[in-house]
>>> print(open('query_1.txt').read())   # compact mmCIF, C-alpha atoms
# COMPACT_ATOMS: atom_id res chain seq x y z
CA MET A 1 -13.08 -0.69 59.91
CA LEU A 2 -13.62 -4.40 59.40
CA ILE A 3 -16.58 -3.78 57.10
CA GLU A 4 -14.10 -2.49 54.48
CA TYR A 5 -12.36 -5.84 54.42
CA LEU A 6 -15.70 -7.64 54.35
CA ALA A 7 -16.42 -5.87 51.05
CA ILE A 8 -13.11 -7.15 49.67
CA LEU A 9 -13.91 -10.66 50.87
CA ILE A 10 -17.28 -10.64 49.09
CA TYR A 11 -15.62 -9.18 46.02
CA ILE A 12 -13.07 -12.02 46.04
CA ALA A 13 -15.92 -14.54 46.36
CA ILE A 14 -17.79 -13.07 43.38
CA ALA A 15 -14.60 -12.90 41.28
CA VAL A 16 -13.68 -16.52 42.12
CA PHE A 17 -17.23 -17.56 41.29
CA PHE A 18 -16.93 -15.88 37.89
CA ALA A 19 -13.57 -17.54 37.11
CA LEU A 20 -14.85 -20.97 38.19
CA PHE A 21 -18.03 -20.47 36.16
CA ALA A 22 -16.03 -19.69 33.02
CA ILE A 23 -13.77 -22.72 33.45
CA ILE A 24 -16.55 -25.15 34.35
CA ALA A 25 -18.65 -23.91 31.42
CA SER A 26 -15.72 -24.49 29.10
CA ALA A 27 -15.14 -27.96 30.60
CA LEU A 28 -18.79 -28.85 29.96
CA LEU A 29 -19.14 -27.33 26.49
CA GLY A 30 -15.65 -27.87 25.16
CA GLN A 31 -14.66 -31.09 23.44
CA LYS A 32 -12.22 -33.60 24.88
CA LYS A 33 -10.13 -35.53 22.36
CA PRO A 34 -6.63 -35.82 23.80
CA THR A 35 -3.99 -37.38 21.57
CA PRO A 36 -0.32 -37.91 22.51
CA LEU A 37 0.80 -35.48 19.82
CA LYS A 38 -1.60 -32.80 20.99
CA GLN A 39 -0.44 -33.14 24.59
CA ALA A 40 3.21 -32.75 23.62
CA PRO A 41 4.82 -29.40 24.50
CA TYR A 42 4.89 -26.95 21.61
CA GLU A 43 8.20 -26.71 19.80
CA CYS A 44 7.35 -25.05 16.49
CA GLY A 45 5.91 -28.28 15.07
CA MET A 46 9.06 -30.36 15.59
CA THR A 47 9.06 -33.47 17.75
CA THR A 48 9.86 -32.53 21.33
CA PHE A 49 13.32 -33.52 22.49
CA GLY A 50 15.13 -33.33 25.80
CA SER A 51 13.90 -32.07 29.13
CA SER A 52 12.20 -28.70 29.34
CA PHE A 53 14.04 -27.84 32.50
CA ARG A 54 17.45 -26.53 31.63
CA ARG A 55 19.99 -24.59 33.56
CA ILE A 56 19.11 -20.94 33.96
CA PRO A 57 21.72 -18.14 33.85
CA ILE A 58 22.92 -16.99 37.29
CA LYS A 59 21.87 -13.43 36.34
CA TYR A 60 18.26 -14.14 37.22
CA TYR A 61 19.16 -15.21 40.75
CA ILE A 62 21.28 -12.11 41.28
CA ILE A 63 18.38 -9.94 40.09
CA ALA A 64 16.07 -11.72 42.53
CA MET A 65 18.48 -11.07 45.42
CA LEU A 66 18.93 -7.41 44.53
CA PHE A 67 15.17 -7.08 44.23
CA LEU A 68 14.75 -8.25 47.81
CA LEU A 69 17.17 -5.61 49.09
CA PHE A 70 15.72 -2.75 47.08
CA ASP A 71 12.11 -3.69 47.68
CA ILE A 72 12.66 -3.69 51.43
CA GLU A 73 14.12 -0.23 51.04
CA VAL A 74 10.92 0.84 49.29
CA VAL A 75 8.94 -0.66 52.17
CA PHE A 76 10.93 1.50 54.61
CA LEU A 77 10.30 4.59 52.50
CA TYR A 78 6.50 4.33 52.61
CA PRO A 79 5.79 4.93 56.31
CA TRP A 80 8.41 7.65 56.20
CA ALA A 81 6.62 9.33 53.27
CA VAL A 82 3.29 9.47 55.15
CA VAL A 83 4.71 11.30 58.18
CA PHE A 84 7.25 13.37 56.26
CA LYS A 85 5.33 16.67 56.51
CA GLU A 86 5.00 16.32 60.28
CA PHE A 87 8.60 15.52 61.15
CA LYS A 88 10.11 17.80 58.52
CA MET A 89 13.90 18.30 58.94
CA PHE A 90 14.36 15.28 61.23
CA ALA A 91 12.66 12.98 58.72
CA PHE A 92 14.61 14.47 55.83
CA ILE A 93 18.03 14.01 57.43
CA SER A 94 17.35 10.50 58.71
CA MET A 95 16.17 9.38 55.29
CA ALA A 96 19.11 11.14 53.59
CA VAL A 97 21.49 9.07 55.75
CA PHE A 98 19.55 5.88 54.95
CA LEU A 99 19.55 6.60 51.22
CA GLY A 100 23.22 7.58 51.40
CA ILE A 101 24.18 4.16 52.76
CA LEU A 102 22.01 2.54 50.14
CA VAL A 103 23.59 4.53 47.30
CA ILE A 104 27.05 3.34 48.41
CA ALA A 105 25.82 -0.27 48.13
CA TYR A 106 24.21 0.55 44.80
CA ILE A 107 27.47 1.95 43.40
CA TYR A 108 29.27 -1.14 44.72
CA ILE A 109 26.99 -3.63 42.95
CA TRP A 110 27.15 -1.55 39.78
CA LYS A 111 30.99 -1.54 39.85
CA LYS A 112 31.02 -5.28 40.61
CA GLY A 113 29.06 -5.81 37.40
CA ALA A 114 25.96 -7.32 38.98
CA LEU A 115 23.75 -5.13 36.79
CA GLU A 116 25.41 -6.06 33.49
CA TRP A 117 23.57 -8.14 30.88
CA GLU A 118 25.52 -9.19 27.87
CA MET B 1 -31.13 -2.20 63.24
CA LEU B 2 -30.90 -5.70 61.82
CA LEU B 3 -33.03 -4.71 58.83
CA GLU B 4 -30.76 -1.72 58.23
CA TRP B 5 -27.72 -4.00 58.35
CA ILE B 6 -29.22 -6.53 55.93
CA LEU B 7 -30.22 -3.73 53.55
CA GLY B 8 -26.68 -2.39 53.61
CA PHE B 9 -25.38 -5.87 52.90
CA VAL B 10 -27.70 -6.33 49.92
CA PHE B 11 -26.67 -2.90 48.57
CA LEU B 12 -23.02 -3.93 48.88
CA ILE B 13 -23.49 -7.19 46.97
CA VAL B 14 -25.49 -5.50 44.22
CA LYS B 15 -22.85 -2.79 43.89
CA LEU B 16 -19.99 -5.30 43.72
CA THR B 17 -21.76 -7.40 41.10
CA ILE B 18 -22.54 -4.36 38.94
CA VAL B 19 -18.94 -3.11 39.16
CA LEU B 20 -17.58 -6.55 38.28
CA ILE B 21 -19.93 -6.98 35.32
CA ILE B 22 -19.08 -3.52 33.97
CA LEU B 23 -15.35 -4.16 34.44
CA LEU B 24 -15.50 -7.48 32.58
CA THR B 25 -17.62 -6.07 29.76
CA VAL B 26 -15.31 -3.09 29.34
CA ALA B 27 -12.30 -5.44 29.32
CA ALA B 28 -13.94 -7.62 26.64
CA TYR B 29 -14.73 -4.59 24.53
CA LEU B 30 -11.24 -3.23 25.04
CA VAL B 31 -10.04 -6.18 22.93
CA TRP B 32 -12.32 -4.96 20.17
CA VAL B 33 -11.21 -1.33 20.63
CA GLU B 34 -7.56 -2.33 20.50
CA ARG B 35 -7.93 -4.47 17.37
CA LYS B 36 -10.00 -1.78 15.67
CA LEU B 37 -7.56 1.01 16.55
CA LEU B 38 -4.52 -1.05 15.53
CA GLY B 39 -6.29 -1.80 12.29
CA ARG B 40 -7.04 1.84 11.57
CA ILE B 41 -3.48 2.90 12.52
CA GLN B 42 -2.08 0.30 10.09
CA ALA B 43 -4.58 1.32 7.36
CA ARG B 44 -6.71 -1.85 7.78
CA TYR B 45 -10.33 -2.24 8.81
CA GLY B 46 -9.87 -4.37 11.91
CA PRO B 47 -12.68 -6.77 12.93
CA ASN B 48 -15.78 -5.98 10.85
CA ARG B 49 -17.53 -9.32 10.24
CA ALA B 50 -19.44 -10.11 13.44
CA GLY B 51 -22.22 -7.54 13.68
CA GLU B 52 -22.15 -3.86 12.73
CA PHE B 53 -18.50 -2.60 12.80
CA GLY B 54 -17.55 -5.97 14.30
CA LEU B 55 -19.27 -4.97 17.55
CA LEU B 56 -20.28 -8.56 18.30
CA GLN B 57 -16.66 -9.73 18.07
CA PRO B 58 -16.15 -10.06 21.87
CA LEU B 59 -19.27 -12.24 22.06
CA ALA B 60 -18.02 -14.44 19.23
CA ASP B 61 -14.64 -14.71 20.93
CA LEU B 62 -16.30 -15.75 24.18
CA VAL B 63 -18.30 -18.52 22.46
CA LYS B 64 -15.16 -19.71 20.70
CA LEU B 65 -13.04 -19.76 23.86
CA ILE B 66 -15.70 -21.63 25.85
CA THR B 67 -16.23 -24.34 23.24
CA LYS B 68 -12.51 -24.93 22.63
CA GLU B 69 -10.74 -27.93 24.09
CA ASP B 70 -8.85 -27.25 27.30
CA THR B 71 -5.59 -29.14 26.71
CA VAL B 72 -3.07 -29.94 29.43
CA PRO B 73 0.41 -30.84 28.15
CA GLN B 74 1.82 -34.17 29.26
CA GLU B 75 4.10 -34.09 32.31
CA ALA B 76 2.78 -30.64 33.17
CA ASN B 77 2.42 -29.97 36.87
CA LYS B 78 -1.32 -30.22 36.64
CA GLY B 79 -2.50 -28.45 39.78
CA ILE B 80 -0.29 -25.42 39.32
CA PHE B 81 -0.91 -25.38 35.58
CA LEU B 82 -4.65 -25.16 36.13
CA LEU B 83 -4.34 -22.58 38.92
CA ALA B 84 -1.98 -20.04 37.31
CA PRO B 85 -4.44 -18.27 34.95
CA GLY B 86 -6.88 -17.95 37.84
CA VAL B 87 -4.21 -16.14 39.89
CA VAL B 88 -3.53 -13.68 37.07
CA GLY B 89 -7.22 -12.97 36.43
CA LEU B 90 -8.15 -12.74 40.11
CA MET B 91 -5.30 -10.37 41.06
CA ALA B 92 -6.20 -8.08 38.16
CA LEU B 93 -9.82 -7.95 39.28
CA LEU B 94 -8.88 -7.48 42.94
CA ILE B 95 -6.73 -4.39 42.43
CA PHE B 96 -9.82 -2.57 41.20
CA ALA B 97 -11.39 -3.02 44.66
CA VAL B 98 -9.61 0.07 46.03
CA VAL B 99 -9.84 2.34 42.97
CA PRO B 100 -12.33 5.21 43.47
CA PHE B 101 -14.16 6.00 40.24
CA GLY B 102 -16.45 8.82 41.38
CA SER B 103 -17.23 11.05 44.33
CA GLY B 104 -20.32 9.12 45.44
CA VAL B 105 -24.03 9.20 44.64
CA THR B 106 -27.23 9.22 46.71
CA LEU B 107 -29.79 6.53 45.93
CA TRP B 108 -33.06 6.24 47.89
CA GLY B 109 -31.70 8.39 50.70
CA ARG B 110 -28.59 6.25 51.05
CA SER B 111 -25.19 7.66 50.11
CA ILE B 112 -23.12 5.20 48.11
CA PRO B 113 -19.40 5.87 47.73
CA LEU B 114 -18.25 5.07 44.20
CA VAL B 115 -15.41 2.84 45.31
CA ILE B 116 -15.71 -0.80 46.30
CA THR B 117 -13.84 -0.21 49.52
CA ASP B 118 -11.70 2.71 50.65
CA LEU B 119 -8.88 0.96 52.49
CA ASN B 120 -6.58 3.23 54.49
CA VAL B 121 -3.68 1.15 53.14
CA GLY B 122 -5.02 1.15 49.55
CA LEU B 123 -1.69 1.92 47.91
CA LEU B 124 0.10 -0.89 49.76
CA PHE B 125 -2.77 -3.21 48.80
CA ILE B 126 -2.18 -2.41 45.12
CA LEU B 127 1.58 -2.96 45.34
CA ALA B 128 1.10 -6.25 47.20
CA LEU B 129 -1.39 -7.60 44.67
CA SER B 130 0.74 -6.58 41.70
CA SER B 131 3.58 -8.55 43.33
CA ILE B 132 1.38 -11.61 43.72
CA SER B 133 0.50 -11.61 40.02
CA VAL B 134 4.18 -12.40 39.35
CA TYR B 135 3.35 -15.87 40.74
CA GLY B 136 0.71 -16.40 38.06
CA ILE B 137 3.22 -15.70 35.30
CA ALA B 138 6.19 -17.56 36.78
CA LEU B 139 4.23 -20.64 37.89
CA GLY B 140 2.19 -20.77 34.67
CA GLY B 141 5.42 -20.79 32.66
CA TRP B 142 7.13 -23.28 34.94
CA ALA B 143 4.25 -25.77 35.25
CA SER B 144 3.71 -26.04 31.47
CA ASN B 145 6.78 -28.25 30.99
CA SER B 146 7.62 -26.45 27.77
CA LYS B 147 10.88 -24.69 26.92
CA TYR B 148 9.23 -21.56 25.59
CA SER B 149 6.90 -21.26 28.53
CA LEU B 150 9.71 -21.70 31.04
CA LEU B 151 11.80 -19.01 29.35
CA GLY B 152 8.81 -16.70 29.18
CA GLY B 153 7.94 -17.30 32.81
CA ILE B 154 11.48 -16.61 34.04
CA ARG B 155 11.83 -13.54 31.87
CA GLY B 156 8.48 -12.32 33.09
CA ALA B 157 9.35 -12.85 36.74
CA ALA B 158 12.73 -11.08 36.42
CA GLN B 159 11.18 -8.20 34.50
CA MET B 160 8.28 -7.73 36.88
CA ILE B 161 10.37 -7.77 40.06
CA SER B 162 12.95 -5.46 38.48
CA TYR B 163 10.36 -2.85 37.59
CA GLU B 164 8.50 -3.16 40.85
CA VAL B 165 11.30 -1.24 42.58
CA PRO B 166 11.11 1.91 40.39
CA MET B 167 7.31 1.66 40.40
CA GLY B 168 7.25 1.64 44.19
CA LEU B 169 9.81 4.45 44.39
CA SER B 170 7.93 6.63 41.90
CA LEU B 171 4.85 6.60 44.13
CA VAL B 172 6.72 7.70 47.28
CA PRO B 173 6.58 11.44 46.33
CA VAL B 174 2.83 11.07 45.72
CA VAL B 175 2.41 9.71 49.26
CA MET B 176 4.64 12.47 50.63
CA LEU B 177 2.37 15.13 49.09
CA ALA B 178 -0.96 13.43 49.86
CA ARG B 179 0.10 12.15 53.33
CA SER B 180 -2.07 9.07 52.97
CA PHE B 181 -2.22 5.61 51.41
CA SER B 182 -5.95 5.83 50.81
CA LEU B 183 -6.76 6.35 47.13
CA VAL B 184 -9.73 8.55 47.99
CA GLU B 185 -7.49 10.82 50.07
CA ILE B 186 -4.88 10.91 47.30
CA THR B 187 -7.58 11.95 44.82
CA ASN B 188 -8.89 14.62 47.18
CA ALA B 189 -5.38 16.01 47.66
CA GLN B 190 -5.44 16.83 43.94
CA SER B 191 -8.70 18.80 43.88
CA ALA B 192 -6.80 22.06 43.23
CA ARG B 193 -4.23 20.76 40.76
CA PRO B 194 -3.35 17.23 39.64
CA PHE B 195 -0.02 15.79 40.74
CA ILE B 196 1.16 15.51 37.13
CA PHE B 197 1.98 19.26 37.27
CA VAL B 198 3.76 18.94 40.62
CA GLN B 199 5.47 15.59 39.97
CA PRO B 200 6.07 15.22 36.20
CA VAL B 201 9.16 13.04 36.79
CA SER B 202 7.20 10.68 39.02
CA PHE B 203 4.49 10.45 36.38
CA ILE B 204 6.92 9.44 33.63
CA LEU B 205 8.71 6.96 35.91
CA PHE B 206 5.43 5.38 36.96
CA LEU B 207 4.20 5.16 33.37
CA ILE B 208 7.36 3.39 32.18
CA ALA B 209 7.61 1.05 35.20
CA ALA B 210 3.91 0.16 35.08
CA LEU B 211 4.11 -0.52 31.34
CA ALA B 212 6.88 -3.01 32.07
CA GLU B 213 4.88 -4.39 34.97
CA ILE B 214 1.86 -5.18 32.77
CA LYS B 215 4.15 -6.45 29.98
CA ARG B 216 2.84 -4.22 27.20
CA ILE B 217 4.85 -3.24 24.15
CA PRO B 218 7.65 -2.06 24.19
CA PHE B 219 8.21 -4.31 27.24
CA ASP B 220 6.42 -7.48 26.09
CA LEU B 221 9.51 -9.71 26.24
CA PRO B 222 7.88 -12.47 28.35
CA GLU B 223 5.45 -13.17 25.52
CA ALA B 224 7.56 -12.14 22.53
CA GLU B 225 5.67 -13.88 19.70
CA ASN B 226 8.54 -14.25 17.28
CA GLU B 227 11.05 -15.80 19.69
CA LEU B 228 9.01 -17.57 22.38
CA GLY B 229 5.77 -18.56 20.71
CA ALA B 230 3.64 -16.82 23.29
CA GLY B 231 5.95 -17.14 26.29
CA TYR B 232 4.33 -18.20 29.53
CA HIS B 233 0.92 -18.92 27.97
CA THR B 234 2.14 -20.94 24.97
CA GLU B 235 0.57 -24.16 26.28
CA TYR B 236 -2.74 -22.69 27.41
CA SER B 237 -5.90 -23.09 25.39
CA GLY B 238 -9.61 -22.49 25.70
CA MET B 239 -11.00 -20.56 28.62
CA ARG B 240 -7.75 -20.71 30.61
CA PHE B 241 -6.01 -18.80 27.86
CA GLY B 242 -9.07 -16.56 27.94
CA LEU B 243 -8.44 -15.82 31.62
CA PHE B 244 -4.81 -14.82 30.92
CA PHE B 245 -6.05 -12.66 28.07
CA LEU B 246 -8.83 -11.06 30.11
CA GLY B 247 -6.39 -10.43 32.98
CA GLU B 248 -4.14 -8.57 30.60
CA TYR B 249 -6.89 -6.26 29.41
CA ILE B 250 -8.21 -5.69 32.92
CA THR B 251 -4.71 -4.64 33.99
CA MET B 252 -4.72 -2.14 31.12
CA ILE B 253 -7.89 -0.57 32.55
CA ILE B 254 -6.38 -0.72 36.05
CA LEU B 255 -3.22 1.03 34.89
CA GLY B 256 -5.37 3.72 33.30
CA SER B 257 -7.35 4.18 36.53
CA LEU B 258 -4.23 4.19 38.71
CA ILE B 259 -2.56 6.87 36.62
CA ALA B 260 -5.83 8.84 36.70
CA VAL B 261 -5.99 8.54 40.51
CA PHE B 262 -2.31 9.15 41.30
CA PHE B 263 -1.42 11.82 38.77
CA LEU B 264 -4.41 13.18 36.83
CA GLY B 265 -6.65 14.09 39.76
CA GLY B 266 -9.05 11.13 39.62
CA TRP B 267 -12.65 12.21 39.25
CA HIS B 268 -11.92 15.93 39.81
CA GLY B 269 -12.58 18.27 36.91
CA PRO B 270 -14.72 21.25 35.93
CA LEU B 271 -18.21 21.22 34.35
CA LEU B 272 -18.70 17.51 33.58
CA PRO B 273 -19.93 15.04 36.23
CA PRO B 274 -17.12 13.31 38.22
CA ILE B 275 -17.58 9.83 36.79
CA ILE B 276 -17.37 11.15 33.21
CA TRP B 277 -14.09 12.87 34.05
CA PHE B 278 -12.73 9.66 35.49
CA LEU B 279 -13.74 7.61 32.43
CA LEU B 280 -12.29 10.28 30.15
CA LYS B 281 -8.92 10.17 31.89
CA VAL B 282 -8.80 6.36 31.90
CA GLY B 283 -9.80 6.38 28.22
CA ILE B 284 -6.96 8.75 27.30
CA ILE B 285 -4.37 6.57 29.08
CA VAL B 286 -5.71 3.34 27.55
CA PHE B 287 -5.72 4.93 24.10
CA THR B 288 -2.10 5.97 24.65
CA LEU B 289 -1.17 2.38 25.58
CA ILE B 290 -2.71 1.08 22.34
CA TRP B 291 -0.95 3.84 20.42
CA PHE B 292 2.36 2.75 21.99
CA ARG B 293 1.69 -0.78 20.78
CA ALA B 294 1.16 0.44 17.24
CA THR B 295 4.27 2.63 17.31
CA PHE B 296 7.12 1.11 19.31
CA PRO B 297 9.31 -1.92 18.52
CA ARG B 298 10.15 -4.38 21.29
CA ILE B 299 13.36 -3.58 23.17
CA ARG B 300 16.14 -6.10 23.89
CA TYR B 301 16.37 -7.84 27.25
CA ASP B 302 19.68 -6.22 28.25
CA GLN B 303 18.24 -2.82 27.35
CA LEU B 304 15.20 -3.62 29.49
CA MET B 305 17.28 -4.55 32.52
CA ASN B 306 19.65 -1.61 32.08
CA THR B 307 16.78 0.86 31.85
CA GLY B 308 15.22 -0.51 35.01
CA TRP B 309 18.28 -0.81 37.23
CA LYS B 310 20.64 1.86 35.92
CA VAL B 311 18.30 4.63 34.79
CA LEU B 312 14.91 4.48 36.51
CA ILE B 313 16.08 3.63 40.05
CA PRO B 314 18.69 6.46 40.36
CA ILE B 315 16.23 8.98 38.89
CA ALA B 316 13.50 7.78 41.26
CA LEU B 317 15.78 8.08 44.31
CA LEU B 318 16.90 11.55 43.23
CA ASN B 319 13.28 12.55 42.67
CA ILE B 320 12.40 11.58 46.25
CA VAL B 321 15.27 13.64 47.70
CA VAL B 322 14.43 16.65 45.52
CA THR B 323 10.74 16.42 46.45
CA GLY B 324 11.69 16.24 50.14
CA ALA B 325 13.92 19.31 49.83
CA LEU B 326 11.21 21.24 47.96
CA VAL B 327 8.52 20.36 50.51
CA LEU B 328 10.87 21.48 53.31
CA GLY B 329 11.76 24.66 51.45
CA THR B 330 8.18 25.74 50.78
CA SER B 331 6.72 24.97 54.21
>>> encode(input="query_1.txt", output="structure tokens")
Amino acid sequence: MLIEYLAILIYIAIAVFFALFAIIASALLGQKKPTPLKQAPYECGMTTFGSSFRRIPIKYYIIAMLFLLFDIEVVFLYPWAVVFKEFKMFAFISMAVFLGILVIAYIYIWKKGALEWE
Amino acid sequence: MLLEWILGFVFLIVKLTIVLIILLTVAAYLVWVERKLLGRIQARYGPNRAGEFGLLQPLADLVKLITKEDTVPQEANKGIFLLAPGVVGLMALLIFAVVPFGSGVTLWGRSIPLVITDLNVGLLFILALSSISVYGIALGGWASNSKYSLLGGIRGAAQMISYEVPMGLSLVPVVMLARSFSLVEITNAQSARPFIFVQPVSFILFLIAALAEIKRIPFDLPEAENELGAGYHTEYSGMRFGLFFLGEYITMIILGSLIAVFFLGGWHGPLLPPIIWFLLKVGIIVFTLIWFRATFPRIRYDQLMNTGWKVLIPIALLNIVVTGALVLGTS
């Protein structure tokens, strides 16, 4: 049981070693000639102006909130899917009720316009 | 006993190293394959200077990336900036840990399963890691302190979390039929007929959602060249850019293998040896992805969000209910 996770741990170690090796090799072999102009953020060749951090449309936050709700629903569906063939009708009806409630909420957010991008 | 254990350990390390080296080499050559195919599709030659047919191109690229200067923009959040490409590359490599690529071989009287590790929660492992790679994109874009990168990072995060829901939902029917999260079990459940014939809707949903998840054309809005420079990796150079780039091509291979495992029956197939079948299926999917890139234009952001939330999610939910009813009806 645990040996399976040991394999993943070793795999992570080898992968990290590879990534570090690539970056250290590039740090050793690559040149280093920083100039203020080179370090400036890219803006199509124009001189940079203003802060990079601007206000972000509220849409993105709403999407993030909806994602949380729907992703948790997916999480609930997975254990249900594994045992579905054993519990048969009971599993089907209980999940139909769960999905039914969710669909009502889904229609609500759709009608409220939370899914609109203009 | 101890000797046996040490031998097993050495076998494991050798196997992991070989798999990793093959994966990285294939990813590097995939860049060449993609450029060559795009070239031929657009009636060009593609890379043909370095070596015969440009076959040494990946090597030349590697030398170039390593010897380039690794610039860090001023006022960038240095720690996060330096970490982000590592997250992307590492998560891409890690997903492959649970993908079975053959039925197993016997070497020196020792049976070796052709999968790095067969976790009994393999499918959840994949979904979890693909969620973590959102961090690489979002933080890389945010830490760069550049307007284009920030926009690209936010777009990328919103797109990836939006399409994670339909991607997760499209795999629920697969789990219902296979009754397991283990990728080996899922492959074995398809020995008679691949799930693509039983679950065509799931297959199409997963293909679309996963395409958006790996940000390939027509869903490459986070790195749209002509509006954002290169999006979240605008400010990256040298080997760090190389890690982003490599991560992208590894995820292409991973997507190919996942579709092969979930819908095309994995290594199962007549006549040819299992591993050849697996490579063939992955190859077909990867070729299709490159073909998409040569064919489709990029879609608009509102179209992207509408497709994800208003089309894919209802279809995916309906598909689960219909699958449940069918399974009940036939048993």
>>> interface_residues(input="query_1.txt", of="chain B", to="chain A", cutoff="6 Å", atoms="all atoms listed in the file", output="list in words")
Ile66, Thr67, Lys68, Glu69, Pro73, Gln74, Thr117, Asn145, Ser146, Lys147, Val165, Val175, Met176, Arg179, Ser180, Met239 and Asp302 of chain B
>>> closest_residue(input="query_1.txt", among="B:Leu318, B:Leu271, B:Trp309, B:Pro218", to="Phe296 of chain B", atoms="all atoms listed in the file")
B:Pro218
>>> closest_residue(input="query_1.txt", among="B:Leu328, B:Gly136, B:Asn188, B:Gly266", to="Leu82 of chain B", atoms="all atoms listed in the file")
B:Gly136
>>> closest_residue(input="query_1.txt", among="B:Phe262, B:Trp142, B:Phe278, B:Trp291", to="Gly122 of chain B", atoms="all atoms listed in the file")
B:Phe262
>>> atom_distance(input="query_1.txt", atom1="atom CA of Ala92 of chain B", atom2="atom CA of Asp220 of chain B")
17.5 Å
>>> closest_residue(input="query_1.txt", among="B:Gly265, B:Lys310, B:Thr330, B:Ile250", to="Lys111 of chain A", atoms="all atoms listed in the file")
B:Lys310
>>> atom_distance(input="query_1.txt", atom1="atom CA of Val311 of chain B", atom2="atom CA of Ile204 of chain B")
12.4 Å
>>> atom_distance(input="query_1.txt", atom1="atom CA of Thr71 of chain B", atom2="atom CA of Glu235 of chain B")
7.9 Å
>>> residues_around(input="query_1.txt", residues="segment 22-35 of chain B", least_positions_apart="3", cutoff="9 Å", atoms="all atoms listed in the file", output="VMD selection string")
chain B and resid 17 to 19 38 to 40 46 to 47 54 to 59 62 93 96 246 to 253 286 to 287 290
>>> residues_near_point(input="query_1.txt", point="(0.2, -4.3, 46.8)", cutoff="12 Å", atoms="all atoms listed in the file", output="list in words")
Asp71 and Val75 of chain A; Met91, Ala92, Leu94, Ile95, Phe96, Ala97, Val98, Leu119, Val121, Gly122, Leu123, Leu124, Phe125, Ile126, Leu127, Ala128, Leu129, Ser130, Ser131, Ile132, Ser133, Val134, Glu164, Met167, Gly168 and Phe181 of chain B
>>> residues_near_point(input="query_1.txt", point="(6.7, -20.3, 21.5)", cutoff="7 Å", atoms="all atoms listed in the file", output="JSON, numbers by chain")
{"A": [42, 43, 44], "B": [148, 225, 227, 228, 229, 230, 231, 234]}
>>> closest_residue(input="query_1.txt", among="B:Tyr163, B:Phe219, B:Phe9, B:Phe244", to="Tyr301 of chain B", atoms="only C-alpha atoms")
B:Phe219
>>> build_atoms(input="query_1.txt", residues="segment 8-19 of chain A", atoms="N, CA and C atoms", output="tab-separated table (two decimals), in the coordinates of the input")
chain	number	residue	atom	x	y	z
A	8	ILE	N	-14.13	-6.50	50.50
A	8	ILE	CA	-13.11	-7.15	49.67
A	8	ILE	C	-13.32	-8.65	49.64
A	9	LEU	N	-13.69	-9.21	50.80
A	9	LEU	CA	-13.91	-10.66	50.87
A	9	LEU	C	-15.05	-11.08	49.95
A	10	ILE	N	-16.16	-10.31	49.98
A	10	ILE	CA	-17.28	-10.64	49.09
A	10	ILE	C	-16.87	-10.47	47.64
A	11	TYR	N	-16.10	-9.43	47.39
A	11	TYR	CA	-15.62	-9.18	46.02
A	11	TYR	C	-14.78	-10.36	45.53
A	12	ILE	N	-13.88	-10.86	46.40
A	12	ILE	CA	-13.07	-12.02	46.04
A	12	ILE	C	-13.99	-13.20	45.71
A	13	ALA	N	-15.02	-13.41	46.57
A	13	ALA	CA	-15.92	-14.54	46.36
A	13	ALA	C	-16.60	-14.44	45.00
A	14	ILE	N	-17.10	-13.23	44.67
A	14	ILE	CA	-17.79	-13.07	43.38
A	14	ILE	C	-16.82	-13.29	42.22
A	15	ALA	N	-15.59	-12.76	42.35
A	15	ALA	CA	-14.60	-12.90	41.28
A	15	ALA	C	-14.22	-14.36	41.09
A	16	VAL	N	-14.03	-15.10	42.21
A	16	VAL	CA	-13.68	-16.52	42.12
A	16	VAL	C	-14.83	-17.28	41.47
A	17	PHE	N	-16.06	-16.92	41.86
A	17	PHE	CA	-17.23	-17.56	41.29
A	17	PHE	C	-17.25	-17.38	39.78
A	18	PHE	N	-16.95	-16.16	39.33
A	18	PHE	CA	-16.93	-15.88	37.89
A	18	PHE	C	-15.89	-16.75	37.18
A	19	ALA	N	-14.65	-16.79	37.75
A	19	ALA	CA	-13.57	-17.54	37.11
A	19	ALA	C	-13.93	-19.03	37.04
